[in-house]
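Visitor: Input target.cif, format and content: mmCIF, C-alpha atoms (C1' of nucleotides).
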```cif
data_query
#
loop_
_atom_site.label_atom_id
_atom_site.label_comp_id
_atom_site.auth_asym_id
_atom_site.auth_seq_id
_atom_site.Cartn_x
_atom_site.Cartn_y
_atom_site.Cartn_z
CA MET A 118 -31.38 19.11 26.41
CA THR A 119 -30.03 18.43 22.97
CA GLY A 120 -27.17 20.78 23.59
CA THR A 121 -23.94 18.88 23.19
CA PRO A 122 -24.27 15.20 24.09
CA PRO A 123 -20.77 13.74 23.96
CA ALA A 124 -21.60 10.68 21.89
CA ALA A 125 -24.90 9.13 22.93
CA THR A 126 -25.12 6.56 20.19
CA LEU A 127 -23.17 6.68 16.99
CA THR A 128 -25.88 5.22 14.78
CA PRO A 129 -27.64 8.59 14.23
CA VAL A 130 -24.36 10.12 13.12
CA PHE A 131 -23.88 7.41 10.52
CA SER A 132 -27.47 7.82 9.46
CA ALA A 133 -26.77 11.51 8.93
CA LEU A 134 -23.64 10.71 6.95
CA ALA A 135 -25.37 8.09 4.81
CA ASP A 136 -26.75 10.60 2.33
CA ASP A 137 -25.01 12.04 -0.72
CA THR A 138 -26.84 15.35 -0.61
CA ARG A 139 -25.77 15.86 2.99
CA TRP A 140 -22.17 15.17 2.02
CA GLN A 141 -22.42 17.78 -0.70
CA ILE A 142 -23.73 20.19 1.90
CA LEU A 143 -20.92 19.30 4.26
CA ALA A 144 -18.38 19.75 1.48
CA GLU A 145 -19.68 23.24 0.77
CA LEU A 146 -19.82 24.16 4.45
CA GLY A 147 -16.28 22.88 4.84
CA ARG A 148 -15.26 25.42 2.23
CA ALA A 149 -17.25 28.35 3.61
CA GLU A 150 -20.13 29.12 5.95
CA LEU A 151 -23.38 29.32 4.00
CA SER A 152 -27.09 29.76 4.65
CA ALA A 153 -29.82 27.43 3.46
CA SER A 154 -30.61 29.81 0.61
CA GLY A 155 -26.96 30.09 -0.29
CA LEU A 156 -26.67 26.33 -0.45
CA ALA A 157 -29.85 26.08 -2.50
CA ALA A 158 -28.25 28.41 -5.05
CA ILE A 159 -25.43 25.90 -5.48
CA LEU A 160 -26.95 22.48 -5.02
CA PRO A 161 -29.71 21.08 -7.24
CA VAL A 162 -32.31 20.74 -4.50
CA SER A 163 -34.88 23.07 -3.00
CA ARG A 164 -34.14 25.31 -0.05
CA GLN A 165 -36.53 23.42 2.22
CA ALA A 166 -34.90 20.12 1.45
CA ILE A 167 -31.57 21.65 2.40
CA ALA A 168 -33.10 23.11 5.54
CA LYS A 169 -34.21 19.62 6.56
CA HIS A 170 -30.75 18.23 5.91
CA LEU A 171 -29.21 21.02 7.96
CA ALA A 172 -31.57 20.20 10.80
CA VAL A 173 -30.47 16.57 10.69
CA LEU A 174 -26.81 17.51 10.62
CA ALA A 175 -27.24 20.00 13.46
CA GLU A 176 -29.13 17.40 15.49
CA VAL A 177 -26.09 15.12 15.60
CA GLY A 178 -23.65 17.99 16.05
CA LEU A 179 -22.03 17.92 12.63
CA VAL A 180 -22.93 21.54 11.85
CA GLU A 181 -23.71 24.61 13.91
CA PRO A 182 -26.00 27.56 13.07
CA VAL A 183 -24.51 31.07 13.11
CA ARG A 184 -26.75 34.13 12.84
CA VAL A 185 -25.36 36.73 10.46
CA GLY A 186 -27.70 39.68 10.07
CA ARG A 187 -31.07 38.27 9.14
CA GLU A 188 -29.73 35.05 7.71
CA VAL A 189 -28.64 31.84 9.43
CA ARG A 190 -25.40 30.45 8.16
CA TYR A 191 -24.05 27.03 9.06
CA ARG A 192 -20.58 25.96 10.01
CA ALA A 193 -19.13 22.46 9.69
CA LEU A 194 -17.82 21.05 12.97
CA GLY A 195 -14.86 18.72 12.69
CA ALA A 196 -14.97 17.73 16.35
CA ARG A 197 -17.88 15.33 15.95
CA LEU A 198 -16.22 13.70 12.96
CA ALA A 199 -12.99 13.18 14.86
CA GLU A 200 -14.94 11.78 17.79
CA THR A 201 -16.74 9.30 15.55
CA ALA A 202 -13.47 8.37 13.86
CA ARG A 203 -11.89 7.48 17.18
CA ALA A 204 -14.85 5.30 18.12
CA LEU A 205 -14.58 3.43 14.83
CA GLU A 206 -10.88 2.93 15.18
CA THR A 207 -11.31 1.49 18.66
CA ILE A 208 -13.96 -0.98 17.60
CA GLY A 209 -12.04 -2.11 14.54
CA ALA A 210 -8.91 -2.59 16.60
CA GLN A 211 -10.84 -4.84 18.98
CA TRP A 212 -11.96 -7.07 16.13
CA ASP A 213 -8.51 -7.40 14.71
CA ARG A 214 -7.05 -8.02 18.14
CA ARG A 215 -9.40 -10.93 18.69
CA LEU A 216 -8.53 -12.35 15.30
CA ALA A 217 -4.82 -12.07 15.99
CA ALA A 218 -5.26 -13.86 19.30
CA ILE A 219 -7.08 -16.73 17.63
CA LYS A 220 -4.44 -16.99 14.96
CA ARG A 221 -1.72 -17.05 17.57
CA LEU A 222 -3.56 -19.75 19.48
CA ALA A 223 -3.92 -21.86 16.35
CA GLU A 224 -0.23 -21.70 15.65
CA THR A 225 0.69 -22.89 19.13
CA PRO A 226 2.17 -26.44 18.96
CA MET B 279 -14.76 -7.52 -9.61
CA THR B 280 -16.06 -6.50 -6.24
CA GLY B 281 -13.09 -8.12 -4.63
CA THR B 282 -11.36 -5.57 -2.46
CA PRO B 283 -11.87 -2.01 -3.65
CA PRO B 284 -9.76 0.22 -1.43
CA ALA B 285 -12.42 2.79 -0.61
CA ALA B 286 -14.60 3.66 -3.59
CA THR B 287 -17.00 6.01 -1.85
CA LEU B 288 -17.57 6.15 1.84
CA THR B 289 -21.29 6.84 1.71
CA PRO B 290 -22.24 3.16 1.29
CA VAL B 291 -20.18 2.29 4.33
CA PHE B 292 -22.06 4.82 6.43
CA SER B 293 -25.30 3.58 4.99
CA ALA B 294 -24.33 0.10 6.13
CA LEU B 295 -23.44 1.39 9.59
CA ALA B 296 -26.64 3.40 9.94
CA ASP B 297 -28.70 0.46 11.17
CA ASP B 298 -29.02 -0.83 14.71
CA THR B 299 -29.59 -4.44 13.70
CA ARG B 300 -26.41 -4.41 11.64
CA TRP B 301 -24.51 -3.05 14.62
CA GLN B 302 -25.85 -5.89 16.73
CA ILE B 303 -24.66 -8.30 14.08
CA LEU B 304 -21.25 -6.65 13.99
CA ALA B 305 -21.04 -6.80 17.76
CA GLU B 306 -21.72 -10.54 17.72
CA LEU B 307 -19.29 -11.14 14.89
CA GLY B 308 -16.70 -9.12 16.75
CA ARG B 309 -17.05 -11.60 19.57
CA ALA B 310 -17.01 -14.76 17.46
CA GLU B 311 -17.51 -15.91 13.89
CA LEU B 312 -21.11 -16.95 13.31
CA SER B 313 -23.36 -18.09 10.47
CA ALA B 314 -26.64 -16.47 9.50
CA SER B 315 -28.53 -19.21 11.33
CA GLY B 316 -26.34 -18.80 14.37
CA LEU B 317 -27.02 -15.09 14.43
CA ALA B 318 -30.74 -15.68 13.97
CA ALA B 319 -30.68 -17.83 17.10
CA ILE B 320 -29.39 -14.85 19.06
CA LEU B 321 -30.95 -11.78 17.51
CA PRO B 322 -34.71 -11.18 17.37
CA VAL B 323 -34.96 -11.14 13.58
CA SER B 324 -35.43 -13.80 10.96
CA ARG B 325 -32.55 -15.59 9.30
CA GLN B 326 -33.29 -14.03 5.91
CA ALA B 327 -33.25 -10.55 7.33
CA ILE B 328 -29.85 -11.29 8.81
CA ALA B 329 -28.70 -12.76 5.51
CA LYS B 330 -29.60 -9.49 3.79
CA HIS B 331 -27.73 -7.51 6.39
CA LEU B 332 -24.70 -9.74 5.98
CA ALA B 333 -24.83 -9.19 2.24
CA VAL B 334 -24.85 -5.44 2.78
CA LEU B 335 -21.97 -5.62 5.23
CA ALA B 336 -19.96 -7.89 2.95
CA GLU B 337 -20.62 -5.58 0.01
CA VAL B 338 -18.79 -2.73 1.70
CA GLY B 339 -16.09 -4.97 3.12
CA LEU B 340 -17.06 -4.84 6.77
CA VAL B 341 -17.46 -8.61 7.05
CA GLU B 342 -16.06 -11.59 5.19
CA PRO B 343 -17.66 -15.01 4.58
CA VAL B 344 -15.79 -18.10 5.76
CA ARG B 345 -16.95 -21.58 4.74
CA VAL B 346 -16.88 -24.02 7.66
CA GLY B 347 -18.21 -27.42 6.67
CA ARG B 348 -21.59 -26.77 5.09
CA GLU B 349 -22.24 -23.50 6.81
CA VAL B 350 -21.02 -20.02 5.97
CA ARG B 351 -19.72 -18.09 8.94
CA TYR B 352 -18.90 -14.44 8.85
CA ARG B 353 -15.93 -12.58 10.27
CA ALA B 354 -15.81 -8.90 11.20
CA LEU B 355 -13.07 -6.98 9.44
CA GLY B 356 -11.54 -4.11 11.36
CA ALA B 357 -9.52 -2.87 8.42
CA ARG B 358 -12.44 -1.18 6.70
CA LEU B 359 -13.46 0.51 9.92
CA ALA B 360 -9.98 1.86 10.47
CA GLU B 361 -9.86 3.04 6.88
CA THR B 362 -13.14 4.88 7.26
CA ALA B 363 -12.02 6.35 10.56
CA ARG B 364 -8.94 7.82 8.95
CA ALA B 365 -11.00 9.37 6.16
CA LEU B 366 -13.29 11.00 8.72
CA GLU B 367 -10.42 12.30 10.76
CA THR B 368 -8.83 13.87 7.69
CA ILE B 369 -12.01 15.64 6.62
CA GLY B 370 -12.75 16.91 10.10
CA ALA B 371 -9.26 18.20 10.46
CA GLN B 372 -9.64 20.13 7.23
CA TRP B 373 -12.74 21.86 8.51
CA ASP B 374 -11.18 22.82 11.78
CA ARG B 375 -8.03 23.97 10.01
CA ARG B 376 -10.03 26.36 7.84
CA LEU B 377 -11.86 27.69 10.89
CA ALA B 378 -8.61 28.27 12.72
CA ALA B 379 -7.21 30.14 9.73
CA ILE B 380 -10.24 32.43 9.63
CA LYS B 381 -10.01 33.06 13.33
CA ARG B 382 -6.35 33.90 13.04
CA LEU B 383 -7.08 36.25 10.16
CA ALA B 384 -9.79 38.02 12.16
CA GLU B 385 -7.45 38.63 15.05
CA THR B 386 -4.81 40.22 12.86
CA PRO B 387 -4.60 43.98 13.59
"C1'" DT C 190 -42.94 53.00 6.01
"C1'" DA C 191 -42.92 49.90 2.33
"C1'" DC C 192 -40.43 46.36 0.30
"C1'" DG C 193 -38.32 41.99 -0.35
"C1'" DG C 194 -34.92 38.53 0.63
"C1'" DG C 195 -34.61 34.97 4.18
"C1'" DT C 196 -36.59 31.80 7.19
"C1'" DG C 197 -39.93 28.49 9.11
"C1'" DC C 198 -44.10 25.43 9.22
"C1'" DA C 199 -47.30 22.22 7.02
"C1'" DA C 200 -49.27 18.90 3.82
"C1'" DC C 201 -48.33 15.74 0.30
"C1'" DT C 202 -45.96 12.26 -2.85
"C1'" DA C 203 -42.62 8.75 -4.24
"C1'" DG C 204 -39.28 5.50 -3.48
"C1'" DC C 205 -36.07 2.95 -0.83
"C1'" DG C 206 -35.10 -0.28 2.83
"C1'" DA C 207 -36.04 -3.47 6.70
"C1'" DG C 208 -38.63 -7.27 7.75
"C1'" DT C 209 -41.56 -11.21 6.93
"C1'" DT C 210 -43.21 -15.76 4.96
"C1'" DG C 211 -42.83 -19.50 1.73
"C1'" DC C 212 -40.45 -22.65 -1.12
"C1'" DA C 213 -36.60 -25.08 -3.40
"C1'" DC C 214 -31.94 -26.75 -3.36
"C1'" DT C 215 -27.59 -28.66 -1.54
"C1'" DC C 216 -24.56 -31.32 0.86
"C1'" DA C 217 -22.32 -33.23 5.06
"C1'" DA C 218 -23.52 -36.78 8.46
"C1'" DG C 219 -26.02 -40.74 10.15
"C1'" DC D 108 -29.22 -43.89 0.66
"C1'" DT D 109 -31.78 -41.00 3.41
"C1'" DT D 110 -32.31 -37.16 6.20
"C1'" DG D 111 -32.37 -32.59 7.82
"C1'" DA D 112 -29.83 -28.56 8.92
"C1'" DG D 113 -28.16 -24.68 6.39
"C1'" DT D 114 -28.48 -21.78 2.61
"C1'" DG D 115 -30.42 -19.05 -1.24
"C1'" DC D 116 -34.13 -16.88 -4.11
"C1'" DA D 117 -38.59 -14.54 -4.64
"C1'" DA D 118 -42.73 -12.00 -3.66
"C1'" DC D 119 -45.01 -9.10 -0.52
"C1'" DT D 120 -46.00 -5.53 3.27
"C1'" DC D 121 -44.99 -1.41 5.80
"C1'" DG D 122 -42.70 2.48 7.66
"C1'" DC D 123 -39.37 6.01 7.11
"C1'" DT D 124 -37.18 9.58 4.55
"C1'" DA D 125 -35.85 12.65 0.77
"C1'" DG D 126 -38.00 15.78 -2.02
"C1'" DT D 127 -41.57 18.91 -3.53
"C1'" DT D 128 -44.94 22.96 -3.39
"C1'" DG D 129 -47.49 26.50 -0.98
"C1'" DC D 130 -48.11 29.85 2.43
"C1'" DA D 131 -47.14 32.89 6.45
"C1'" DC D 132 -43.95 35.60 9.02
"C1'" DC D 133 -39.99 38.26 10.28
"C1'" DC D 134 -36.74 41.91 9.94
"C1'" DG D 135 -32.98 44.57 7.82
"C1'" DT D 136 -32.62 48.07 4.30
"C1'" DA D 137 -33.63 51.56 0.90
#
```
Translate the structure of the given file into structure tokens.
Guide:
Amino acid sequence: MTGTPPAATLTPVFSALADDTRWQILAELGRAELSASGLAAILPVSRQAIAKHLAVLAEVGLVEPVRVGREVRYRALGARLAETARALETIGAQWDRRLAAIKRLAETP
Amino acid sequence: MTGTPPAATLTPVFSALADDTRWQILAELGRAELSASGLAAILPVSRQAIAKHLAVLAEVGLVEPVRVGREVRYRALGARLAETARALETIGAQWDRRLAAIKRLAETP
DNA sequence: TACGGGTGCAACTAGCGAGTTGCACTCAAG
DNA sequence: CTTGAGTGCAACTCGCTAGTTGCACCCGTA
């Protein structure tokens, strides 16, 4: 059931993105597909910690597991990021639109 | 010196957005400028908790304090959201671009 | 088949963050 | 001047999360 929810709530995505280690992981996965062990060889944290981070990222659809032989590599998915970006842009535009309307109203003689 | 940094790191912004209560606050502020006490009258948390949240949001430039008489109202700023949205979109596009390049390479006979 | 790199599950610790209560101060309005 | 609504600071609790270590299992390869 956790297949590919379009964008249930966006809070979990931000929660997933609110961690430096996860951003390091995402940066590496954006460069090349890597397994948890491969990432652990690069980043200064244990393999299990990385595995947990990957689970979090996969949960919100930011990465996707890919079986290669007997290892599980992960791929960074830009779609979810773009989706989140559009949501943010919409909300921010609403705020600014309201502000502009108030300003216009105040300048009306 | 914490005036208006363009976009130091984006992790703190996501950290600020990774909380439901803060989103409720932002939603209210997007509707109208309110003080901490005003928000506390609406949301089911104490005024001090809201004050902390407002401090966090102001720290990353998502809200802005506005003195009105003896109270301090807060205004939601869409600019930071739009800025963050653009950063996300750029990163996501990079990932997808790399994937597309690999796919194209694999289909080359 | 025997080996070993890779993965997954579980228990545990430490620290950060959200929330609360209590108190003191300030300043606009009566 | 007096009042009280609004704000700010501080100490405290509690739950979540990042990180660790240890162990068991699986499966591709030599």
Visitor: Name the residues that the PyMOL selection byres ((chain C and resi 212-219) around 8) picks from the file above, as a list in words, using the file's chain letters and numbers.
Guide: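 So the PyMOL selection byres ((chain C and resi 212-219) around 8) ends up selecting Gly347 and Arg348 of chain B; DG211 of chain C.
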Visitor: With only C-alpha atoms (C1' of nucleotides) counted, which protein, DNA or RNA residues have an atom no more than 10 Å from (-47.1, 20.6, -3.8) in the file frame? Please answer as a list in words.
Guide: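 Residues satisfying the cut-off, written out: DA200, DC201 and DT202 of chain C; DT127, DT128 and DG129 of chain D.
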Visitor: What is the atom CA of Val350 of chain B-atom CA of Leu312 of chain B distance in Å, reported with one decimal?
Guide: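 Atom CA of Leu312 of chain B lies 8.0 Å from atom CA of Val350 of chain B.
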Visitor: Can you turn the PyMOL selection byres ((chain B and resi 360) around 8) into a concrete residue list for this file, as a VMD selection string?
Guide: (chain A and resid 205 to 206 209 to 210) or (chain B and resid 356 to 359 361 to 364)
Visitor: Keeping only C-alpha atoms, take the residues you just selected and write them out as a PDB file, in the coordinates of the input.
Guide:
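Saved result, out_23.pdb, follows:
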```
ATOM      1  CA  LEU A 205     -14.580   3.430  14.830  1.00  0.00           C
ATOM      2  CA  GLU A 206     -10.880   2.930  15.180  1.00  0.00           C
ATOM      3  CA  GLY A 209     -12.040  -2.110  14.540  1.00  0.00           C
ATOM      4  CA  ALA A 210      -8.910  -2.590  16.600  1.00  0.00           C
TER       5      ALA A 210
ATOM      6  CA  GLY B 356     -11.540  -4.110  11.360  1.00  0.00           C
ATOM      7  CA  ALA B 357      -9.520  -2.870   8.420  1.00  0.00           C
ATOM      8  CA  ARG B 358     -12.440  -1.180   6.700  1.00  0.00           C
ATOM      9  CA  LEU B 359     -13.460   0.510   9.920  1.00  0.00           C
ATOM     10  CA  GLU B 361      -9.860   3.040   6.880  1.00  0.00           C
ATOM     11  CA  THR B 362     -13.140   4.880   7.260  1.00  0.00           C
ATOM     12  CA  ALA B 363     -12.020   6.350  10.560  1.00  0.00           C
ATOM     13  CA  ARG B 364      -8.940   7.820   8.950  1.00  0.00           C
TER      14      ARG B 364
END
```
Visitor: For this file, the PyMOL selection byres ((chain B) within 12 of (chain C)) selects which residues, as a PyMOL selection string?
Guide: chain B and resi 293-294+296-300+322-331+334+346-349
Visitor: Tell me, counting all atoms listed in the file, for each residue of chain D within 12 Å of chain B, which pair of atoms is nearest and how far apart they are in Å to one decimal, in rows ordered by chain and increasing number, as JSON lines.
Guide:
```
{"residue": "D:DA112", "atom": "C1'", "partner": "B:Arg348", "partner_atom": "CA", "distance": 9.3}
{"residue": "D:DG113", "atom": "C1'", "partner": "B:Glu349", "partner_atom": "CA", "distance": 6.1}
{"residue": "D:DT114", "atom": "C1'", "partner": "B:Glu349", "partner_atom": "CA", "distance": 7.7}
{"residue": "D:DG115", "atom": "C1'", "partner": "B:Gln326", "partner_atom": "CA", "distance": 9.2}
{"residue": "D:DC116", "atom": "C1'", "partner": "B:Gln326", "partner_atom": "CA", "distance": 10.5}
{"residue": "D:DA117", "atom": "C1'", "partner": "B:Gln326", "partner_atom": "CA", "distance": 11.8}
```
Visitor: Box in all listed atoms of segment 202-205 of chain C, axis-aligned, with 4 Å more on each side; write out centre and edge lengths in Å to one decimal as AutoDock Vina command-line options.
Guide:
```
--center_x -41.0 --center_y 7.6 --center_z -2.5 --size_x 17.9 --size_y 17.3 --size_z 11.4
```
Visitor: Just give me the gap between atom CA of Trp140 of chain A and atom CA of Gly178 of chain A in Å, one decimal is fine.
Guide: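 Here the two named atoms are 14.4 Å from each other.
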